[in-house]
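Take a look at the structure set out below.
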Amino acid sequence: MATVTEQDVLEALAEVTDPDRRLDVVSLGMIEGVQVKDGHVAFAIQVPPEEGPAKEPVRKACEEAVYGVPGVLSVTAVLTAHHPAAQPVPAAAPPRDTSNTVAKPGIPGVKSIVAVASGKGGVGKSTVAVNLALGLATEGMRVGILDCDIYGPSIPRMMGIGGRPVSPDGKRLMPMANHGLVCMSMGFLVEEDTPMIWRGPMVMSALEQLMRDVEWGTLDVMVCDLPPGTGDAQLTMAQRVPLTGAVIVSTPQDVALADARKAYAMFEKVDVPVFGFIENMSYFQCPHCGDRTEIFGHGGARREAERLGVDFLGEIPLVPQIRETSDSGTPVIAVDPSGTEATIFEDIAGRVAVRIEQALATAEASAPRIVIQ
């Protein structure tokens, strides 16, 4: 197979002309962030904010041009627009964002979408997301995982998957699979130690393509591992797809719970139901003497859930096996499905499965119906 270089990509893109400016996109300086790895190409197309939607034909033309380069297996081309700095306005209470109440296109074949979020990093959210997905699979569901962390994807390592996704038609990617789950991540398209130096609009467009340009097949639930915080990725998911609900992961101490409250407030603002809180690293159980130590305190997430009026879904101990199995790509449910730790995750997954069914039933009951008399 021919080796693709950045120069090959730029030469192909130089054949694409912007119809408004009548010059090629490379000469106009519209191409940025070109990345090439093992035949997989990603780049951004810079356009003025007001021209974003109108430039979709240019994006498609760029994709087609790069697909014509020998050795190219996949192309991820995103439109990005830099808005001028907003003028300061008097402080006022922000209006409630009702974007989630507006009908949004779902992902074909995907029945429900559940976001796993945290207000801050380092609370074990990705570990919980993977084991939650496996737990839902033990409930008889067909499950997929979407890694929404563009800057620090960890799902490939935790799922024990290497290599690159294939594209049978050169336009849509087949998801990767292991442990009975299908998944997709930016980590499959770039080297693990490659920094993604992308602006917010590029991240949002990349997420759109990871959702909609992948042959997910038929899934009962897609578990979305969101990056920490309340930024572009979270808003993209909340505003572009109909999230069935969200699960918030926190550790017990106050500093983590303060950020978890922000995550809850964000989902409430965009009208995404929060299924509940999970307390990770809830306590340490010594594997030798059996003594229990509450390193980060205990019960903070339960109290916060009760205060906010949402479910407390469960507590997960800080034990070496969970860390070791996650690092090795063999999640604890997969390696020891009858073990104590796996049972904890399966119990949590059972509660989430109930909430998913309730949310879907509520949505169906509230849908408008045509009555013929």
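Residue numbering restarts at 1 for every chain of the structure tokens, chains are lettered A, B, ... in their displayed order, and ligands are numbered from 1 as they appear.
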Test item: residues at most 9 Å from A:Cys224, only C-alpha atoms, excluding those fewer than 6 positions along its chain, as number ranges by chain: A: 113-117, 129, 144-148, 237
Writing out the chosen residues with C-alpha atoms as a compact mmCIF listing (two decimals), in the first residue's frame:
```
# COMPACT_ATOMS: atom_id res chain seq x y z
CA ILE A 113 -28.09 7.30 24.05
CA VAL A 114 -26.72 7.62 27.59
CA ALA A 115 -23.98 10.11 28.49
CA VAL A 116 -21.49 9.30 31.26
CA ALA A 117 -20.14 12.58 32.59
CA ALA A 129 -18.38 4.03 31.34
CA GLY A 144 -21.95 0.46 21.73
CA ILE A 145 -19.48 2.94 23.21
CA LEU A 146 -18.67 6.33 21.72
CA ASP A 147 -15.51 7.95 23.10
CA CYS A 148 -16.33 11.67 23.03
CA MET A 237 -23.95 15.86 22.46
```
Residues of stretch 110-321 of chain A in alpha helix (DSSP H), written as a PyMOL selection string: chain A and resi 125-138+155-159+200-212+232-240+254-269+300-308+320-321
Please tabulate, as CSV, the residues of stretch 154-188 of chain A that come within 8 Å of stretch 131-139 of chain A, each with its closest pair of atoms and the distance in Å to one decimal, counting only C-alpha atoms and ordering rows by chain, then residue number upward.
```
residue,atom,partner,partner_atom,distance
A:His179,CA,A:Leu134,CA,7.9
A:Gly180,CA,A:Ala137,CA,7.9
A:Leu181,CA,A:Leu134,CA,7.5
```
What would the file look like if the residues just selected were written as a CSV table (one decimal), in the first residue's frame with N, CA and C atoms?
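Saved the output as again_4.csv:
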```csv
chain,number,residue,atom,x,y,z
A,179,HIS,N,-15.0,-7.7,23.5
A,179,HIS,CA,-15.8,-8.0,24.7
A,179,HIS,C,-17.3,-7.9,24.4
A,180,GLY,N,-17.7,-8.1,23.1
A,180,GLY,CA,-19.1,-8.1,22.8
A,180,GLY,C,-19.7,-6.7,22.5
A,181,LEU,N,-18.8,-5.7,22.5
A,181,LEU,CA,-19.3,-4.3,22.3
A,181,LEU,C,-18.7,-3.7,21.1
```
Selection near A:Ala12, 6 Å with only C-alpha atoms, sequence-local residues under 3 positions removed, as a PyMOL selection string: chain A and resi 9+15+65-66
Per-residue DSSP, stretch 97-314 of chain A, filtered to strand (DSSP E), as number ranges by chain: A: 113-117, 143-147, 176-178, 181-184, 221-225, 245-250, 274-279, 284-285, 292-293, 311-314
The selected residues should be written to file as a compact mmCIF listing (two decimals), in the first residue's frame (atoms: N, CA and C atoms).
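Resulting contents of out.txt:
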```
# COMPACT_ATOMS: atom_id res chain seq x y z
N ILE A 113 -29.45 6.77 23.89
CA ILE A 113 -28.09 7.30 24.05
C ILE A 113 -27.94 7.79 25.49
N VAL A 114 -26.95 7.27 26.19
CA VAL A 114 -26.72 7.62 27.59
C VAL A 114 -25.33 8.23 27.73
N ALA A 115 -25.26 9.43 28.28
CA ALA A 115 -23.98 10.11 28.49
C ALA A 115 -23.45 9.79 29.89
N VAL A 116 -22.17 9.48 29.97
CA VAL A 116 -21.49 9.30 31.26
C VAL A 116 -20.56 10.49 31.43
N ALA A 117 -20.81 11.29 32.46
CA ALA A 117 -20.14 12.58 32.59
C ALA A 117 -19.55 12.75 33.98
N VAL A 143 -25.04 -3.12 22.83
CA VAL A 143 -24.44 -1.90 23.37
C VAL A 143 -23.24 -1.45 22.54
N GLY A 144 -23.12 -0.14 22.35
CA GLY A 144 -21.95 0.46 21.73
C GLY A 144 -21.39 1.54 22.63
N ILE A 145 -20.13 1.87 22.45
CA ILE A 145 -19.48 2.94 23.21
C ILE A 145 -18.92 3.97 22.24
N LEU A 146 -19.24 5.23 22.48
CA LEU A 146 -18.67 6.33 21.72
C LEU A 146 -17.75 7.13 22.65
N ASP A 147 -16.47 7.18 22.32
CA ASP A 147 -15.51 7.95 23.10
C ASP A 147 -15.57 9.40 22.61
N MET A 176 -14.96 -0.48 15.74
CA MET A 176 -14.11 -1.52 16.30
C MET A 176 -14.93 -2.30 17.32
N ALA A 177 -14.46 -3.49 17.70
CA ALA A 177 -15.25 -4.32 18.61
C ALA A 177 -14.35 -5.17 19.49
N ASN A 178 -14.82 -5.41 20.71
CA ASN A 178 -14.18 -6.34 21.65
C ASN A 178 -15.13 -6.54 22.83
N LEU A 181 -18.85 -5.69 22.54
CA LEU A 181 -19.31 -4.32 22.33
C LEU A 181 -18.67 -3.75 21.07
N VAL A 182 -19.37 -2.81 20.42
CA VAL A 182 -18.77 -2.05 19.33
C VAL A 182 -18.43 -0.66 19.86
N CYS A 183 -17.39 -0.05 19.32
CA CYS A 183 -17.00 1.26 19.83
C CYS A 183 -16.27 2.05 18.76
N MET A 184 -16.22 3.36 18.97
CA MET A 184 -15.49 4.25 18.08
C MET A 184 -14.86 5.34 18.93
N VAL A 221 -28.57 0.60 23.16
CA VAL A 221 -28.07 1.77 23.87
C VAL A 221 -26.64 2.07 23.42
N MET A 222 -26.37 3.36 23.25
CA MET A 222 -25.00 3.83 23.02
C MET A 222 -24.55 4.57 24.28
N VAL A 223 -23.47 4.12 24.87
CA VAL A 223 -22.89 4.77 26.05
C VAL A 223 -21.83 5.75 25.56
N CYS A 224 -22.00 7.02 25.90
CA CYS A 224 -21.07 8.06 25.46
C CYS A 224 -20.19 8.49 26.62
N ASP A 225 -18.90 8.24 26.49
CA ASP A 225 -17.93 8.64 27.50
C ASP A 225 -17.51 10.08 27.21
N GLY A 245 -30.58 10.15 28.54
CA GLY A 245 -30.28 10.53 29.92
C GLY A 245 -28.79 10.60 30.15
N ALA A 246 -28.42 11.00 31.37
CA ALA A 246 -27.01 11.14 31.73
C ALA A 246 -26.76 10.53 33.09
N VAL A 247 -25.55 10.03 33.27
CA VAL A 247 -25.07 9.50 34.55
C VAL A 247 -23.86 10.32 34.95
N ILE A 248 -23.82 10.77 36.19
CA ILE A 248 -22.72 11.61 36.66
C ILE A 248 -21.86 10.82 37.64
N VAL A 249 -20.55 10.80 37.37
CA VAL A 249 -19.59 10.07 38.20
C VAL A 249 -18.80 11.07 39.04
N SER A 250 -18.65 10.78 40.32
CA SER A 250 -17.86 11.65 41.20
C SER A 250 -17.18 10.79 42.26
N VAL A 274 -31.10 13.54 34.24
CA VAL A 274 -29.97 12.91 34.92
C VAL A 274 -30.48 11.67 35.64
N PHE A 275 -30.02 10.50 35.23
CA PHE A 275 -30.47 9.25 35.83
C PHE A 275 -29.99 9.12 37.27
N GLY A 276 -28.84 9.70 37.58
CA GLY A 276 -28.36 9.61 38.94
C GLY A 276 -26.86 9.79 39.05
N PHE A 277 -26.37 9.68 40.30
CA PHE A 277 -24.95 9.83 40.62
C PHE A 277 -24.35 8.47 40.94
N ILE A 278 -23.07 8.31 40.58
CA ILE A 278 -22.29 7.14 40.98
C ILE A 278 -21.09 7.64 41.77
N GLU A 279 -20.84 7.02 42.92
CA GLU A 279 -19.67 7.40 43.73
C GLU A 279 -18.56 6.40 43.45
N PHE A 284 -11.61 2.17 50.33
CA PHE A 284 -10.56 1.21 50.02
C PHE A 284 -10.69 0.02 50.95
N GLN A 285 -10.79 -1.17 50.37
CA GLN A 285 -10.87 -2.40 51.14
C GLN A 285 -9.53 -3.12 51.02
N ARG A 292 -11.35 -1.56 56.09
CA ARG A 292 -11.89 -0.57 55.15
C ARG A 292 -11.41 0.82 55.54
N THR A 293 -10.89 1.55 54.56
CA THR A 293 -10.41 2.92 54.76
C THR A 293 -11.10 3.84 53.77
N ASP A 311 -31.56 9.88 41.62
CA ASP A 311 -31.20 8.58 42.17
C ASP A 311 -29.71 8.50 42.51
N PHE A 312 -29.41 7.76 43.55
CA PHE A 312 -28.03 7.36 43.81
C PHE A 312 -27.89 5.95 43.26
N LEU A 313 -27.05 5.79 42.24
CA LEU A 313 -27.00 4.53 41.49
C LEU A 313 -26.07 3.50 42.11
N GLY A 314 -25.14 3.93 42.96
CA GLY A 314 -24.28 2.95 43.60
C GLY A 314 -22.90 3.50 43.90
```
